[in-house]
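Below is one structure, written out as structure tokens, with a few remarks after it.
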Amino acid sequence: MITADSTKILKFLFEEELLSEIQKVSQLQKVPKGEIMIDVGEQVKFIPILLEGAIKIVREDESGEEVLLYYVEFGNTCAMTLNCCLENSTSEIRAICEKDTSIIMVPVSFMDKWLVNYRSWRNFIFQNYQDRLNEMLKAIDSLTFLKLDERLRNYLKEKSKVADDSTLEVTHLDIATDLNSSRVVISRLLKQMENEGEVSLGRNTIKIKY
DNA sequence: ACATTAAGTGATT
DNA sequence: AATCACTTAATGT
């Protein structure tokens, strides 16, 4: 059970009836920045709907190599989670909180019923599938077609968009792991970008100038 | 003051 | 573009 206030912000997504159902069966969860919400191999029991903050979705291979896939923002849910719910399998990805985040957790058991009963729920699910799939395509394009310096630019742009801030608090190492590269290389590229006047650098901070 | 962590650099593959 | 080895600088205890 959660407060009506929490669901009110989602009015643009769902009809009243569904909203009150969501309100009845869900839990509100606040997760601090940096916390791992779901890790590879974990069972997914809830469908998350984001109220505020942002979640970073990364893929990890056996040897612990990481790549950033996409961010989940307000009013969205994670398609991989949906995927897991449908086939009742474990998570293929890791979800990390990018900022302090609050989420509505809907138990997966309602998934099927609502798909049948509520048009707005169907739309929500399908729309999210579509959006996430597109994001994944972007990620693949970036990986296969772009050189590292261009990927880095995209990365910084995305990150500052999600943070809603042109000054990022990140270490070069963080970036390197997100892009599956090495710290030294990132440092050098950033230095280069700084010389070109694209960014200015400080310890733990990158300011993007446009 | 000392240890730890972040970032810069030259050389090598 | 990655890795190594090392330096310098900033921060925490």
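Chain identifiers are assigned as A, B, and so on, following the order in which chains appear in the structure tokens; residues are numbered from 1 within each chain, and ligands are numbered from 1 in order of appearance.
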Closest atom pairs, residues of chain C within 12 Å of chain A, only C-alpha atoms (C1' of nucleotides), as a tab-separated table:
residue	atom	partner	partner_atom	distance
C:DA1	C1'	A:Val185	CA	7.2
C:DA2	C1'	A:Ser182	CA	7.2
C:DT3	C1'	A:Ser182	CA	8.9
C:DC4	C1'	A:Val184	CA	10.9
C:DA9	C1'	A:Arg203	CA	9.4
C:DA10	C1'	A:Arg203	CA	7.5
C:DT11	C1'	A:Arg203	CA	10.0
Keeping only N, CA, C and O atoms (P, O5', C5', C4', C3', O3' and C1' of nucleotides), take the residues you just selected and write them out as a PDB file, in the first residue's frame.
ATOM      1  P    DA C   1      40.276   5.002 -30.265  1.00  0.00           P
ATOM      2  O5'  DA C   1      41.001   3.779 -29.581  1.00  0.00           O
ATOM      3  C5'  DA C   1      40.538   2.456 -29.792  1.00  0.00           C
ATOM      4  C4'  DA C   1      41.330   1.588 -28.860  1.00  0.00           C
ATOM      5  C3'  DA C   1      41.103   1.888 -27.384  1.00  0.00           C
ATOM      6  O3'  DA C   1      40.753   0.669 -26.798  1.00  0.00           O
ATOM      7  C1'  DA C   1      43.399   1.766 -27.852  1.00  0.00           C
ATOM      8  P    DA C   2      40.431   0.574 -25.270  1.00  0.00           P
ATOM      9  O5'  DA C   2      41.696  -0.211 -24.709  1.00  0.00           O
ATOM     10  C5'  DA C   2      42.017  -1.474 -25.260  1.00  0.00           C
ATOM     11  C4'  DA C   2      43.307  -1.959 -24.638  1.00  0.00           C
ATOM     12  C3'  DA C   2      43.340  -1.865 -23.113  1.00  0.00           C
ATOM     13  O3'  DA C   2      43.734  -3.111 -22.589  1.00  0.00           O
ATOM     14  C1'  DA C   2      45.265  -0.887 -24.052  1.00  0.00           C
ATOM     15  P    DT C   3      43.714  -3.400 -21.062  1.00  0.00           P
ATOM     16  O5'  DT C   3      45.247  -3.505 -20.652  1.00  0.00           O
ATOM     17  C5'  DT C   3      46.171  -4.129 -21.518  1.00  0.00           C
ATOM     18  C4'  DT C   3      47.558  -3.846 -20.976  1.00  0.00           C
ATOM     19  C3'  DT C   3      47.612  -3.713 -19.461  1.00  0.00           C
ATOM     20  O3'  DT C   3      48.617  -4.592 -18.964  1.00  0.00           O
ATOM     21  C1'  DT C   3      48.681  -1.879 -20.511  1.00  0.00           C
ATOM     22  P    DC C   4      48.940  -4.642 -17.409  1.00  0.00           P
ATOM     23  O5'  DC C   4      50.290  -3.799 -17.363  1.00  0.00           O
ATOM     24  C5'  DC C   4      51.331  -4.084 -18.294  1.00  0.00           C
ATOM     25  C4'  DC C   4      52.562  -3.290 -17.908  1.00  0.00           C
ATOM     26  C3'  DC C   4      52.719  -3.084 -16.400  1.00  0.00           C
ATOM     27  O3'  DC C   4      54.080  -3.232 -16.030  1.00  0.00           O
ATOM     28  C1'  DC C   4      52.618  -1.003 -17.487  1.00  0.00           C
ATOM     29  P    DA C   9      52.326  18.222  -8.405  1.00  0.00           P
ATOM     30  O5'  DA C   9      50.813  17.933  -8.047  1.00  0.00           O
ATOM     31  C5'  DA C   9      49.879  17.700  -9.090  1.00  0.00           C
ATOM     32  C4'  DA C   9      48.526  17.438  -8.455  1.00  0.00           C
ATOM     33  C3'  DA C   9      48.274  18.327  -7.227  1.00  0.00           C
ATOM     34  O3'  DA C   9      46.951  18.821  -7.347  1.00  0.00           O
ATOM     35  C1'  DA C   9      48.028  16.047  -6.655  1.00  0.00           C
ATOM     36  P    DA C  10      46.368  19.814  -6.324  1.00  0.00           P
ATOM     37  O5'  DA C  10      45.255  18.914  -5.634  1.00  0.00           O
ATOM     38  C5'  DA C  10      44.288  18.255  -6.442  1.00  0.00           C
ATOM     39  C4'  DA C  10      43.487  17.338  -5.547  1.00  0.00           C
ATOM     40  C3'  DA C  10      42.915  18.019  -4.297  1.00  0.00           C
ATOM     41  O3'  DA C  10      41.533  17.756  -4.283  1.00  0.00           O
ATOM     42  C1'  DA C  10      44.068  16.029  -3.724  1.00  0.00           C
ATOM     43  P    DT C  11      40.645  18.208  -3.085  1.00  0.00           P
ATOM     44  O5'  DT C  11      40.650  16.929  -2.139  1.00  0.00           O
ATOM     45  C5'  DT C  11      39.941  15.760  -2.534  1.00  0.00           C
ATOM     46  C4'  DT C  11      40.055  14.737  -1.429  1.00  0.00           C
ATOM     47  C3'  DT C  11      39.535  15.229  -0.078  1.00  0.00           C
ATOM     48  O3'  DT C  11      38.472  14.367   0.299  1.00  0.00           O
ATOM     49  C1'  DT C  11      41.616  14.110   0.139  1.00  0.00           C
TER      50       DT C  11
END
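Residues of chain B lying within 10 Å of chain A, counting only C-alpha atoms (C1' of nucleotides), are DA6, DA7, DG8 and DT9 of chain B.
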Atomic distance CA of Ile57 in chain A - CA of Thr205 in chain A, expressed in Å with one decimal: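 Computed distance, CA of Ile57 in chain A to CA of Thr205 in chain A, equals 22.0 Å.
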DSSP helix (DSSP H, G or I) residues within range 27-177 of chain A, listed as a PyMOL selection string: chain A and resi 79-87+108-117+119-145+148-163+172-177
Residues of range 20-165 of chain A in strand (DSSP E), written as a PyMOL selection string: chain A and resi 27-31+36-38+46-52+55-60+66-72+93-97+101-107
Exercise: Leu156 in chain A partners within 12 Å, only C-alpha atoms (C1' of nucleotides), chain neighbours under 2 positions left out, as an MDAnalysis selection string: chainID A and resid 149:154 158:170 172 174:176 178:179 186 190 193 198:199 205:210
Point-to-point distance from CA of Ser102 in chain A to CA of Glu35 in chain A, Å rounded to tenths: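 Result for CA of Ser102 in chain A versus CA of Glu35 in chain A: 12.2 Å, one decimal.
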